[in-house]
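Text of entry_8.txt, listed as compact mmCIF, C-alpha atoms:
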# COMPACT_ATOMS: atom_id res chain seq x y z
CA MET A 151 -23.83 6.62 -3.38
CA ILE A 152 -26.62 4.10 -2.91
CA GLU A 153 -28.42 4.09 0.45
CA ARG A 154 -26.98 0.68 1.38
CA TYR A 155 -23.50 2.15 1.79
CA THR A 156 -24.42 5.63 3.02
CA LEU A 157 -24.20 6.63 6.68
CA PRO A 158 -26.63 9.38 7.81
CA GLU A 159 -24.03 12.10 8.41
CA MET A 160 -22.68 11.87 4.87
CA ALA A 161 -26.15 11.67 3.39
CA ALA A 162 -27.05 14.93 5.10
CA LEU A 163 -23.79 16.65 4.10
CA TRP A 164 -24.12 15.84 0.39
CA SER A 165 -27.85 16.48 0.07
CA ASP A 166 -29.11 19.18 -2.30
CA ARG A 167 -30.25 21.20 0.69
CA SER A 168 -26.80 21.09 2.23
CA ARG A 169 -25.15 22.09 -1.04
CA PHE A 170 -27.32 25.17 -1.40
CA GLU A 171 -27.02 26.08 2.27
CA HIS A 172 -23.23 26.03 1.98
CA MET A 173 -23.52 28.26 -1.08
CA LEU A 174 -25.77 30.59 0.93
CA ARG A 175 -23.06 30.79 3.61
CA VAL A 176 -20.70 32.03 0.93
CA GLU A 177 -23.20 34.58 -0.40
CA VAL A 178 -23.80 35.98 3.10
CA ALA A 179 -20.06 36.10 3.87
CA VAL A 180 -19.51 38.12 0.68
CA LEU A 181 -22.23 40.57 1.64
CA GLU A 182 -20.80 40.94 5.15
CA ALA A 183 -17.38 41.72 3.67
CA LEU A 184 -18.97 44.23 1.30
CA ALA A 185 -20.82 45.84 4.19
CA ASP A 186 -17.57 46.17 6.14
CA ALA A 187 -16.11 47.91 3.10
CA GLY A 188 -19.10 50.25 2.84
CA GLU A 189 -20.15 48.87 -0.55
CA VAL A 190 -23.53 47.45 0.57
CA PRO A 191 -25.84 48.78 3.31
CA ALA A 192 -25.23 46.93 6.57
CA ASP A 193 -28.95 46.88 7.43
CA ALA A 194 -29.70 45.18 4.11
CA VAL A 195 -27.09 42.51 4.83
CA ALA A 196 -28.57 41.98 8.30
CA THR A 197 -32.00 41.51 6.73
CA ILE A 198 -30.64 39.02 4.21
CA ALA A 199 -28.81 37.05 6.89
CA ALA A 200 -31.97 36.86 8.98
CA ARG A 201 -34.47 36.04 6.24
CA ALA A 202 -32.65 34.12 3.52
CA THR A 203 -33.63 30.46 3.35
CA VAL A 204 -33.19 27.62 0.90
CA ASP A 205 -36.17 25.93 -0.77
CA VAL A 206 -34.87 22.98 -2.76
CA ASP A 207 -38.18 22.30 -4.48
CA ARG A 208 -38.49 25.93 -5.62
CA ILE A 209 -34.91 25.89 -6.93
CA ALA A 210 -35.69 22.76 -8.94
CA GLU A 211 -38.81 24.43 -10.33
CA LEU A 212 -36.88 27.52 -11.42
CA GLU A 213 -34.06 25.44 -12.87
CA ARG A 214 -36.46 23.74 -15.23
CA THR A 215 -36.75 27.14 -16.91
CA THR A 216 -33.29 28.62 -16.39
CA ASP A 217 -31.33 25.38 -16.93
CA HIS A 218 -28.81 26.94 -14.52
CA ASP A 219 -28.82 25.82 -10.92
CA VAL A 220 -26.95 28.85 -9.52
CA VAL A 221 -29.30 31.33 -11.21
CA ALA A 222 -32.22 29.34 -9.86
CA PHE A 223 -30.65 29.32 -6.39
CA VAL A 224 -30.00 33.08 -6.38
CA THR A 225 -33.53 33.78 -7.61
CA GLN A 226 -35.14 31.53 -5.00
CA VAL A 227 -33.12 32.95 -2.08
CA ALA A 228 -33.89 36.52 -3.19
CA GLU A 229 -37.60 35.65 -3.14
CA THR A 230 -37.37 34.85 0.57
CA VAL A 231 -35.74 38.17 1.44
CA GLY A 232 -37.71 40.94 -0.26
CA PRO A 233 -36.28 44.14 -1.82
CA GLU A 234 -32.90 43.63 -0.14
CA GLY A 235 -32.55 40.43 -2.15
CA ARG A 236 -31.19 42.46 -5.05
CA TYR A 237 -27.81 42.55 -3.29
CA ILE A 238 -27.43 38.76 -3.32
CA HIS A 239 -24.70 37.56 -5.72
CA TRP A 240 -23.28 41.09 -5.91
CA GLY A 241 -20.19 41.07 -8.17
CA LEU A 242 -19.94 37.28 -8.20
CA THR A 243 -19.68 34.61 -10.83
CA SER A 244 -21.22 31.20 -10.25
CA SER A 245 -17.94 29.43 -9.56
CA ASP A 246 -17.07 31.87 -6.79
CA VAL A 247 -20.02 30.50 -4.86
CA VAL A 248 -19.98 26.90 -6.10
CA ASP A 249 -16.26 26.22 -5.59
CA THR A 250 -16.07 27.97 -2.25
CA GLY A 251 -19.18 26.19 -1.02
CA LEU A 252 -17.77 22.90 -2.26
CA ALA A 253 -14.57 23.53 -0.30
CA LEU A 254 -16.66 23.87 2.85
CA GLN A 255 -18.47 20.60 2.14
CA CYS A 256 -15.24 18.74 1.41
CA ARG A 257 -13.69 20.01 4.63
CA GLU A 258 -16.66 18.71 6.62
CA ALA A 259 -16.53 15.41 4.73
CA ALA A 260 -12.84 15.08 5.57
CA ASP A 261 -13.58 15.70 9.24
CA LEU A 262 -16.17 12.90 9.20
CA ILE A 263 -13.70 10.56 7.50
CA LEU A 264 -10.86 11.40 9.89
CA ASP A 265 -13.12 10.78 12.87
CA ARG A 266 -13.82 7.23 11.64
CA LEU A 267 -10.17 6.74 10.70
CA ASP A 268 -9.12 7.65 14.24
CA ALA A 269 -11.55 5.04 15.57
CA ALA A 270 -10.29 2.39 13.15
CA ILE A 271 -6.67 3.03 14.10
CA ALA A 272 -7.53 2.76 17.79
CA SER A 273 -9.20 -0.61 17.19
CA VAL A 274 -6.23 -1.99 15.25
CA VAL A 275 -3.79 -0.77 17.91
CA ALA A 276 -5.81 -2.42 20.67
CA ARG A 277 -5.86 -5.78 18.90
CA ALA A 278 -2.15 -5.48 18.07
CA ARG A 279 -1.32 -5.10 21.73
CA GLU A 280 -3.66 -7.93 22.63
CA HIS A 281 -1.87 -10.31 20.27
CA ALA A 282 1.67 -8.99 20.63
CA GLN A 283 2.93 -12.48 21.61
CA THR A 284 0.54 -14.59 19.51
CA LEU A 285 2.95 -16.57 17.34
CA GLN A 286 1.89 -16.96 13.74
CA MET A 287 3.59 -18.19 10.59
CA GLY A 288 4.70 -15.45 8.23
CA ARG A 289 4.18 -16.15 4.55
CA THR A 290 5.86 -14.81 1.44
CA HIS A 291 4.62 -15.80 -2.01
CA GLY A 292 1.88 -17.64 -0.09
CA VAL A 293 4.52 -20.03 1.30
CA HIS A 294 5.70 -20.43 4.91
CA ALA A 295 8.62 -18.09 5.59
CA GLU A 296 9.51 -17.28 9.24
CA PRO A 297 7.20 -16.78 12.23
CA LEU A 298 6.09 -13.38 13.41
CA THR A 299 3.26 -12.53 15.75
CA PHE A 300 -0.25 -11.57 14.83
CA GLY A 301 0.27 -8.39 16.82
CA LEU A 302 3.13 -7.42 14.54
CA LYS A 303 0.96 -7.99 11.48
CA LEU A 304 -1.67 -5.70 13.01
CA ALA A 305 0.98 -3.12 13.86
CA THR A 306 1.85 -2.78 10.17
CA TRP A 307 -1.83 -2.08 9.52
CA ALA A 308 -1.96 0.56 12.24
CA PHE A 309 1.06 2.47 10.95
CA GLU A 310 -0.24 2.28 7.38
CA LEU A 311 -3.57 3.75 8.46
CA ASP A 312 -1.70 6.50 10.28
CA ARG A 313 0.12 7.37 7.07
CA ALA A 314 -3.26 7.47 5.34
CA ARG A 315 -4.45 9.87 8.02
CA SER A 316 -1.53 12.20 7.33
CA ARG A 317 -2.20 12.14 3.58
CA LEU A 318 -5.88 12.86 4.04
CA ARG A 319 -5.23 15.73 6.42
CA LEU A 320 -2.75 17.27 3.99
CA ALA A 321 -5.01 16.85 0.96
CA ALA A 322 -8.09 18.10 2.82
CA GLY A 323 -6.20 21.13 4.07
CA ASP A 324 -5.08 21.96 0.55
CA LEU A 325 -8.61 21.54 -0.76
CA ALA A 326 -9.99 23.90 1.89
CA THR A 327 -9.47 26.69 -0.62
CA GLY A 328 -11.96 29.17 -2.04
CA LYS A 329 -11.98 31.99 -4.55
CA ILE A 330 -13.95 35.21 -4.94
CA SER A 331 -11.95 36.46 -7.90
CA GLY A 332 -14.62 36.76 -10.56
CA PRO A 333 -15.19 35.42 -14.09
CA VAL A 334 -11.56 34.69 -15.07
CA GLY A 335 -9.77 35.27 -11.79
CA THR A 336 -8.85 38.94 -12.34
CA TYR A 337 -10.99 40.46 -9.54
CA SER A 338 -12.77 42.53 -12.18
CA GLN A 339 -15.89 42.90 -10.02
CA LEU A 340 -14.60 42.68 -6.44
CA PRO A 341 -11.10 43.48 -5.16
CA PRO A 342 -8.79 40.96 -3.47
CA SER A 343 -9.51 42.56 -0.10
CA ILE A 344 -13.12 41.36 -0.30
CA GLU A 345 -11.98 37.83 -1.09
CA ALA A 346 -9.62 37.92 1.87
CA GLY A 347 -12.44 39.00 4.17
CA VAL A 348 -14.82 36.34 2.88
CA LEU A 349 -12.38 33.48 3.14
CA ALA A 350 -11.26 34.56 6.61
CA ARG A 351 -14.89 34.40 7.75
CA LEU A 352 -15.23 30.92 6.29
CA GLY A 353 -11.86 29.65 7.53
CA LEU A 354 -10.62 28.85 4.02
CA GLY A 355 -7.39 29.57 2.19
CA ALA A 356 -7.31 31.53 -1.05
CA ASP A 357 -6.36 30.21 -4.46
CA LEU A 358 -3.47 32.61 -5.08
CA ALA A 359 -3.93 32.59 -8.86
CA SER A 360 -7.28 31.17 -9.89
CA THR A 361 -9.06 31.09 -13.19
CA GLN A 362 -12.84 31.07 -13.03
CA VAL A 363 -12.46 27.99 -10.82
CA VAL A 364 -10.26 26.69 -8.05
CA GLN A 365 -7.73 24.52 -9.86
CA ARG A 366 -8.67 20.84 -9.85
CA ASP A 367 -5.29 19.43 -8.82
CA ARG A 368 -6.50 19.99 -5.26
CA HIS A 369 -9.60 17.86 -5.79
CA ALA A 370 -7.58 15.20 -7.61
CA ALA A 371 -5.11 14.97 -4.71
CA PHE A 372 -7.98 14.59 -2.24
CA LEU A 373 -9.55 11.80 -4.26
CA ALA A 374 -6.13 10.16 -4.65
CA ALA A 375 -5.58 10.23 -0.88
CA ILE A 376 -8.99 8.63 -0.44
CA ALA A 377 -8.13 5.92 -2.98
CA VAL A 378 -4.78 5.15 -1.33
CA THR A 379 -6.58 4.82 2.00
CA GLY A 380 -8.97 2.41 0.33
CA GLY A 381 -5.98 0.43 -0.93
CA SER A 382 -4.70 0.12 2.63
CA ILE A 383 -8.08 -1.13 3.78
CA GLU A 384 -8.05 -3.61 0.91
CA ARG A 385 -4.65 -4.94 1.96
CA MET A 386 -6.07 -5.73 5.39
CA ALA A 387 -9.25 -7.19 3.95
CA VAL A 388 -7.34 -9.46 1.56
CA GLU A 389 -5.18 -10.73 4.41
CA ILE A 390 -8.24 -11.54 6.52
CA ARG A 391 -9.82 -13.32 3.55
CA ASN A 392 -6.70 -15.40 2.98
CA LEU A 393 -6.31 -16.33 6.63
CA GLN A 394 -9.96 -17.40 6.74
CA HIS A 395 -9.32 -20.07 4.09
CA THR A 396 -10.52 -23.46 5.34
CA GLU A 397 -6.99 -24.82 4.94
CA ILE A 398 -5.55 -22.00 7.10
CA ALA A 399 -8.45 -20.95 9.37
CA GLU A 400 -6.37 -18.70 11.61
CA LEU A 401 -8.91 -15.87 11.50
CA GLY A 402 -12.65 -15.63 11.16
CA GLU A 403 -14.95 -12.72 10.54
CA PRO A 404 -17.55 -12.09 13.25
CA PHE A 405 -20.60 -14.26 12.61
CA ARG A 406 -23.65 -13.34 14.64
CA GLN A 407 -26.53 -15.51 15.77
CA GLY A 408 -28.98 -16.01 12.91
CA GLN A 409 -26.55 -14.98 10.20
CA THR A 410 -26.52 -17.10 7.03
CA GLY A 411 -23.46 -17.83 4.94
CA SER A 412 -25.06 -19.61 1.99
CA SER A 413 -28.56 -20.33 0.76
CA ALA A 414 -27.48 -23.86 -0.21
CA MET A 415 -24.68 -24.81 2.23
CA PRO A 416 -25.52 -24.25 5.92
CA HIS A 417 -21.92 -24.80 7.04
CA LYS A 418 -20.62 -21.69 5.28
CA ARG A 419 -19.18 -18.70 7.15
CA ASN A 420 -17.88 -16.56 4.32
CA PRO A 421 -15.59 -13.48 4.61
CA ILE A 422 -18.28 -11.18 3.24
CA LEU A 423 -17.16 -8.03 5.06
CA SER A 424 -13.62 -8.35 3.76
CA GLU A 425 -14.84 -9.10 0.26
CA ARG A 426 -17.11 -6.05 0.39
CA LEU A 427 -14.22 -3.83 1.44
CA THR A 428 -12.08 -5.26 -1.35
CA GLY A 429 -14.72 -4.42 -3.94
CA MET A 430 -15.28 -0.92 -2.59
CA SER A 431 -11.61 -0.07 -2.85
CA ARG A 432 -11.93 -0.60 -6.60
CA LEU A 433 -14.60 2.08 -6.74
CA LEU A 434 -12.37 4.51 -4.86
CA ARG A 435 -9.58 4.03 -7.41
CA GLY A 436 -12.09 4.76 -10.15
CA TYR A 437 -13.10 8.00 -8.47
CA ALA A 438 -9.43 8.98 -8.19
CA VAL A 439 -8.91 8.49 -11.93
CA ALA A 440 -12.00 10.60 -12.63
CA GLY A 441 -10.60 13.36 -10.42
CA MET A 442 -7.34 13.37 -12.35
CA GLU A 443 -9.25 13.56 -15.63
CA ASP A 444 -10.88 16.76 -14.32
CA GLN A 445 -7.60 18.65 -14.05
CA ALA A 446 -7.32 19.62 -17.73
CA LEU A 447 -10.15 22.12 -18.38
CA TRP A 448 -10.36 24.35 -21.43
CA HIS A 449 -8.77 27.80 -21.06
CA GLU A 450 -10.03 29.48 -17.87
CA ARG A 451 -12.74 26.86 -17.32
CA ASP A 452 -15.39 24.65 -18.82
CA ILE A 453 -17.91 22.52 -16.95
CA SER A 454 -16.69 19.05 -17.89
CA HIS A 455 -15.54 18.64 -14.27
CA SER A 456 -18.89 19.54 -12.75
CA SER A 457 -20.86 16.41 -13.57
CA VAL A 458 -17.94 14.23 -12.48
CA GLU A 459 -17.60 15.93 -9.09
CA ARG A 460 -21.30 15.72 -8.34
CA VAL A 461 -20.79 11.94 -8.32
CA ALA A 462 -17.13 11.43 -7.40
CA LEU A 463 -16.72 13.66 -4.35
CA PRO A 464 -19.89 12.60 -2.53
CA GLY A 465 -19.39 9.01 -3.67
CA ALA A 466 -15.76 8.70 -2.59
CA THR A 467 -16.12 10.42 0.77
CA THR A 468 -19.35 8.59 1.60
CA LEU A 469 -17.88 5.23 0.65
CA LEU A 470 -14.64 5.73 2.59
CA ARG A 471 -16.48 6.71 5.76
CA TYR A 472 -18.63 3.59 5.41
CA MET A 473 -15.55 1.42 4.79
CA LEU A 474 -13.74 2.78 7.83
CA GLU A 475 -16.71 2.11 10.07
CA ARG A 476 -17.01 -1.43 8.76
CA LEU A 477 -13.25 -1.96 9.14
CA ARG A 478 -13.45 -0.90 12.78
CA ARG A 479 -16.26 -3.36 13.45
CA LEU A 480 -14.44 -6.10 11.56
CA VAL A 481 -11.24 -5.65 13.55
CA GLU A 482 -13.01 -5.43 16.89
CA GLY A 483 -15.06 -8.56 16.19
CA LEU A 484 -12.32 -10.53 14.46
CA VAL A 485 -12.06 -14.12 15.70
CA VAL A 486 -8.38 -14.97 16.28
CA ARG A 487 -7.45 -18.65 16.63
CA PRO A 488 -3.97 -18.97 18.26
CA GLU A 489 -4.33 -22.73 18.47
CA ARG A 490 -4.80 -22.93 14.71
CA MET A 491 -1.78 -20.68 14.20
CA ALA A 492 0.27 -23.08 16.34
CA GLU A 493 -1.03 -26.05 14.34
CA ASN A 494 -0.01 -24.43 11.07
CA ILE A 495 3.48 -23.73 12.40
CA GLU A 496 3.75 -27.37 13.46
CA ARG A 497 2.48 -28.49 10.07
CA GLY A 498 5.44 -26.68 8.53
CA LEU A 499 7.76 -29.45 9.85
CA GLY A 500 10.20 -26.93 11.32
CA LEU A 501 11.27 -25.65 7.92
CA HIS A 502 10.92 -22.06 9.11
CA CYS A 503 14.13 -22.61 11.10
CA SER A 504 16.25 -23.06 7.97
CA SER A 505 17.44 -19.45 7.97
CA ARG A 506 18.66 -19.62 11.56
CA LEU A 507 20.39 -22.94 10.90
CA LEU A 508 22.13 -21.42 7.88
CA THR A 509 23.34 -18.42 9.87
CA THR A 510 24.51 -20.64 12.74
CA LEU A 511 26.56 -22.84 10.38
CA VAL A 512 28.19 -19.81 8.81
CA GLY A 513 28.84 -18.38 12.27
CA ALA A 514 30.55 -21.65 13.22
CA GLY A 515 33.06 -21.16 10.40
CA MET A 516 31.46 -22.91 7.43
CA ALA A 517 31.45 -21.02 4.13
CA ARG A 518 27.99 -19.84 3.09
CA THR A 519 28.38 -21.51 -0.32
CA GLU A 520 28.96 -24.79 1.54
CA ALA A 521 26.29 -24.31 4.23
CA TYR A 522 23.42 -23.30 1.97
CA PRO A 523 23.28 -26.57 -0.07
CA ILE A 524 23.42 -28.62 3.14
CA VAL A 525 20.47 -26.80 4.68
CA GLN A 526 18.53 -26.75 1.43
CA ARG A 527 19.04 -30.47 0.82
CA ASN A 528 17.58 -31.37 4.21
CA ALA A 529 14.78 -28.84 3.92
CA LEU A 530 13.60 -30.04 0.51
CA ARG A 531 13.75 -33.64 1.63
CA ALA A 532 11.71 -32.84 4.74
CA PHE A 533 9.06 -31.15 2.62
CA ASP A 534 8.90 -33.82 -0.08
CA GLU A 535 8.87 -36.75 2.36
CA ARG A 536 6.79 -34.97 5.02
CA THR A 537 9.54 -35.60 7.54
CA ASP A 538 10.54 -33.46 10.52
CA PHE A 539 13.30 -31.09 9.43
CA ARG A 540 15.08 -31.10 12.78
CA THR A 541 15.28 -34.89 12.80
CA LEU A 542 17.03 -34.86 9.44
CA VAL A 543 19.40 -32.10 10.50
CA GLU A 544 20.38 -33.91 13.72
CA ALA A 545 21.24 -37.00 11.61
CA ASP A 546 23.30 -35.13 9.03
CA PRO A 547 27.03 -35.67 9.70
CA GLU A 548 27.97 -32.49 7.80
CA VAL A 549 25.91 -30.51 10.31
CA THR A 550 26.90 -32.40 13.45
CA ALA A 551 30.54 -32.10 12.54
CA VAL A 552 30.21 -28.34 13.08
CA LEU A 553 27.34 -27.90 15.56
CA ASP A 554 26.80 -29.66 18.89
CA PRO A 555 23.26 -30.69 19.97
CA ASP A 556 22.70 -27.54 22.05
CA ARG A 557 23.48 -25.23 19.14
CA ILE A 558 21.20 -27.24 16.88
CA ALA A 559 18.43 -27.09 19.47
CA HIS A 560 18.85 -23.31 19.68
CA CYS A 561 18.16 -23.07 15.95
CA PHE A 562 14.76 -24.67 16.53
CA ASP A 563 13.71 -22.60 19.59
CA ASP A 564 10.65 -20.61 18.54
CA ARG A 565 11.03 -18.21 21.47
CA ALA A 566 13.91 -16.62 19.62
CA TRP A 567 11.53 -15.21 17.02
CA LEU A 568 9.94 -12.98 19.69
CA THR A 569 13.13 -11.31 20.92
CA HIS A 570 12.39 -7.86 19.52
CA VAL A 571 8.59 -7.97 19.39
CA GLY A 572 8.18 -5.80 22.47
CA GLU A 573 10.29 -3.04 20.99
CA ILE A 574 8.22 -2.95 17.81
CA ILE A 575 4.87 -3.06 19.61
CA ALA A 576 6.01 -0.23 21.87
CA ARG A 577 6.24 2.01 18.80
CA LEU A 578 2.44 1.97 18.65
CA GLU A 579 2.51 4.51 21.45
CA ARG A 580 3.34 7.07 18.78
CA LEU A 581 -0.18 6.58 17.39
CA ASP A 582 -2.04 7.17 20.64
CA PRO A 583 -4.16 10.35 20.71

For the file at hand, write its structure as structure tokens.
Amino acid sequence: MIERYTLPEMAALWSDRSRFEHMLRVEVAVLEALADAGEVPADAVATIAARATVDVDRIAELERTTDHDVVAFVTQVAETVGPEGRYIHWGLTSSDVVDTGLALQCREAADLILDRLDAAIASVVARAREHAQTLQMGRTHGVHAEPLTFGLKLATWAFELDRARSRLRLAAGDLATGKISGPVGTYSQLPPSIEAGVLARLGLGADLASTQVVQRDRHAAFLAAIAVTGGSIERMAVEIRNLQHTEIAELGEPFRQGQTGSSAMPHKRNPILSERLTGMSRLLRGYAVAGMEDQALWHERDISHSSVERVALPGATTLLRYMLERLRRLVEGLVVRPERMAENIERGLGLHCSSRLLTTLVGAGMARTEAYPIVQRNALRAFDERTDFRTLVEADPEVTAVLDPDRIAHCFDDRAWLTHVGEIIARLERLDP
């Protein structure tokens, strides 16, 4: 991922140094398990653990000759140890170390993502409670429907992010899987007991039937969970963009002193954060597709997945952490304009009350097939003539023959839309830490 969208913690985690240091953790854990089994001298393992270090530049130098990064890594680490270095990579194939080390990196990446996701959820919940009673027009097909509150809109975001959190935890837990089962997964070099000891030290699960690699459905599911989370962020970003339209203007992105919206038009305050998040979600979906393409390897393995994962896993995790941090800041700084929301409701001429009027007429004994055309006729006329809907309804003899003025007035009481808001907002307590 380019530096512009990379936060320091992810940059450090996915650096070459970090990759090789995680592989070294696996190598040392294997040696410790072998020492416990009496297969390798314990004093040699202690020496290796104390002396072994990673030199990224030296690995790169060796790889120019070997054209094999793991061989270069093993050679370089052995150089830092001395004679005991001959025990490094004892009974292992490259994927034992690479896949198990990658599982450790992905677990740490997931932890970093979940930390930012927790913060984003907390921000959305706080704003939802703040605006629990802020009346706003709901829209379907881009057209006025019935009012809701802005807090309820935010509540849907919060619960969606919580579902994303559950998916990510599940996928990350499944991906926290290693293997020390040898060239084609038969434990031809080291027995299953060694694998069990290694993975217990590293806190990883075992791939119960591996080939030379941990099967890539796990990685695909992780990337898919990341992409779905990005889709949820995009839904929020698109809504903010729409509600920042000049003609709507119910929301505004934070706009700091000195910020510029356009090089040509000084009046512009564009939804750049939301647009950025929208674009980034497209990248995440691309990474997910690449992860799914990696599932079908030849026989017990090839390396067609390797080049993909060197880009997709760091890229997707780095981008999602960045997106979640920006989403948190966007939500916390979001400018909410209740007065504009009220204006837009008023501009709707009361048409949002058509559904309640219809129900009230039916409840008063009128057949629905009779009531619907009456309400629709007045509603369409109000819209086309830009006339107040209630005024037309109160003058319609077919309505007044069934409903008295108080019952008509009740149909146009906007307080009724908030009757159950408190109950829904209270459900946010389920998301509190």

Using only C-alpha atoms, which of A:Leu484, A:Ala194, A:Val525, A:Leu285 sits nearest A:Ala566?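 Of A:Leu484, A:Ala194, A:Val525, A:Leu285, the one nearest A:Ala566, counting only C-alpha atoms, is A:Leu285.
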
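One distance worth recording is that between atom CA of A:Gly411 and atom CA of A:Gly483, which is 16.8 Å.
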
Taking all atoms listed in the file into account, name the residue in A:Leu434, A:Leu298, A:Val364, A:Ala446 that is nearest to A:His281.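 Checking each candidate against A:His281, we get A:Leu298 as the closest.
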
Using all atoms listed in the file, can you tell me which of A:Asp207, A:Asp219, A:Asp538, A:Glu389 comes closest to A:Leu304?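 That would be A:Glu389, the residue with the smallest distance to A:Leu304.
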
Nearest candidate to A:Glu520 (options A:Glu548, A:Glu171, A:Glu496, A:Gly381; using all atoms listed in the file): A:Glu548

Need the shell around A:Gln339: protein/DNA/RNA residues with any atom at most 12 Å away, counting all atoms listed in the file. Skip same-chain ones fewer than 2 positions apart. Format as an MDAnalysis selection string? chainID A and resid 184 189 239:243 246 330:337 341:345

Give as number ranges by chain each residue that has an atom at most 10 Å from (-23.7, -0.8, 3.2) in the file, counting all atoms listed in the file. A: 151-157, 423, 426, 469, 472-473, 476

Between atom CA of A:Leu302 and atom CA of A:Leu507, what distance in Å does the model show, to one decimal?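 Interatomic distance here is 23.5 Å.
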
Rounded to one decimal, what separation in Å do you get between atom CA of A:Leu470 and atom CA of A:Arg487?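 Here the two named atoms are 29.0 Å from each other.
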
For A:Gly301, which of A:Thr468, A:Asp563, A:Leu578, A:Val439 is the closest residue, counting all atoms listed in the file?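 Going through A:Thr468, A:Asp563, A:Leu578, A:Val439 one by one, the smallest distance to A:Gly301 is for A:Leu578.
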
Using only C-alpha atoms, which residue out of A:Val220, A:Met173, A:Ala196, A:Ala326 lies closest to A:Ala350? A:Ala326

What lies within 12 Å of stretch 266-269 of chain A using all atoms listed in the file, ignoring chain neighbours under 5 positions off, as a PyMOL selection string? chain A and resi 157+159+259-261+274-276+308-319+376+379-380+382-383+467-479+481-482+581-583

Written file, previous selection with C-alpha atoms, as a tab-separated table (two decimals), in the coordinates of the input:
chain	number	residue	atom	x	y	z
A	157	LEU	CA	-24.20	6.63	6.68
A	159	GLU	CA	-24.03	12.10	8.41
A	259	ALA	CA	-16.53	15.41	4.73
A	260	ALA	CA	-12.84	15.08	5.57
A	261	ASP	CA	-13.58	15.70	9.24
A	274	VAL	CA	-6.23	-1.99	15.25
A	275	VAL	CA	-3.79	-0.77	17.91
A	276	ALA	CA	-5.81	-2.42	20.67
A	308	ALA	CA	-1.96	0.56	12.24
A	309	PHE	CA	1.06	2.47	10.95
A	310	GLU	CA	-0.24	2.28	7.38
A	311	LEU	CA	-3.57	3.75	8.46
A	312	ASP	CA	-1.70	6.50	10.28
A	313	ARG	CA	0.12	7.37	7.07
A	314	ALA	CA	-3.26	7.47	5.34
A	315	ARG	CA	-4.45	9.87	8.02
A	316	SER	CA	-1.53	12.20	7.33
A	317	ARG	CA	-2.20	12.14	3.58
A	318	LEU	CA	-5.88	12.86	4.04
A	319	ARG	CA	-5.23	15.73	6.42
A	376	ILE	CA	-8.99	8.63	-0.44
A	379	THR	CA	-6.58	4.82	2.00
A	380	GLY	CA	-8.97	2.41	0.33
A	382	SER	CA	-4.70	0.12	2.63
A	383	ILE	CA	-8.08	-1.13	3.78
A	467	THR	CA	-16.12	10.42	0.77
A	468	THR	CA	-19.35	8.59	1.60
A	469	LEU	CA	-17.88	5.23	0.65
A	470	LEU	CA	-14.64	5.73	2.59
A	471	ARG	CA	-16.48	6.71	5.76
A	472	TYR	CA	-18.63	3.59	5.41
A	473	MET	CA	-15.55	1.42	4.79
A	474	LEU	CA	-13.74	2.78	7.83
A	475	GLU	CA	-16.71	2.11	10.07
A	476	ARG	CA	-17.01	-1.43	8.76
A	477	LEU	CA	-13.25	-1.96	9.14
A	478	ARG	CA	-13.45	-0.90	12.78
A	479	ARG	CA	-16.26	-3.36	13.45
A	481	VAL	CA	-11.24	-5.65	13.55
A	482	GLU	CA	-13.01	-5.43	16.89
A	581	LEU	CA	-0.18	6.58	17.39
A	582	ASP	CA	-2.04	7.17	20.64
A	583	PRO	CA	-4.16	10.35	20.71
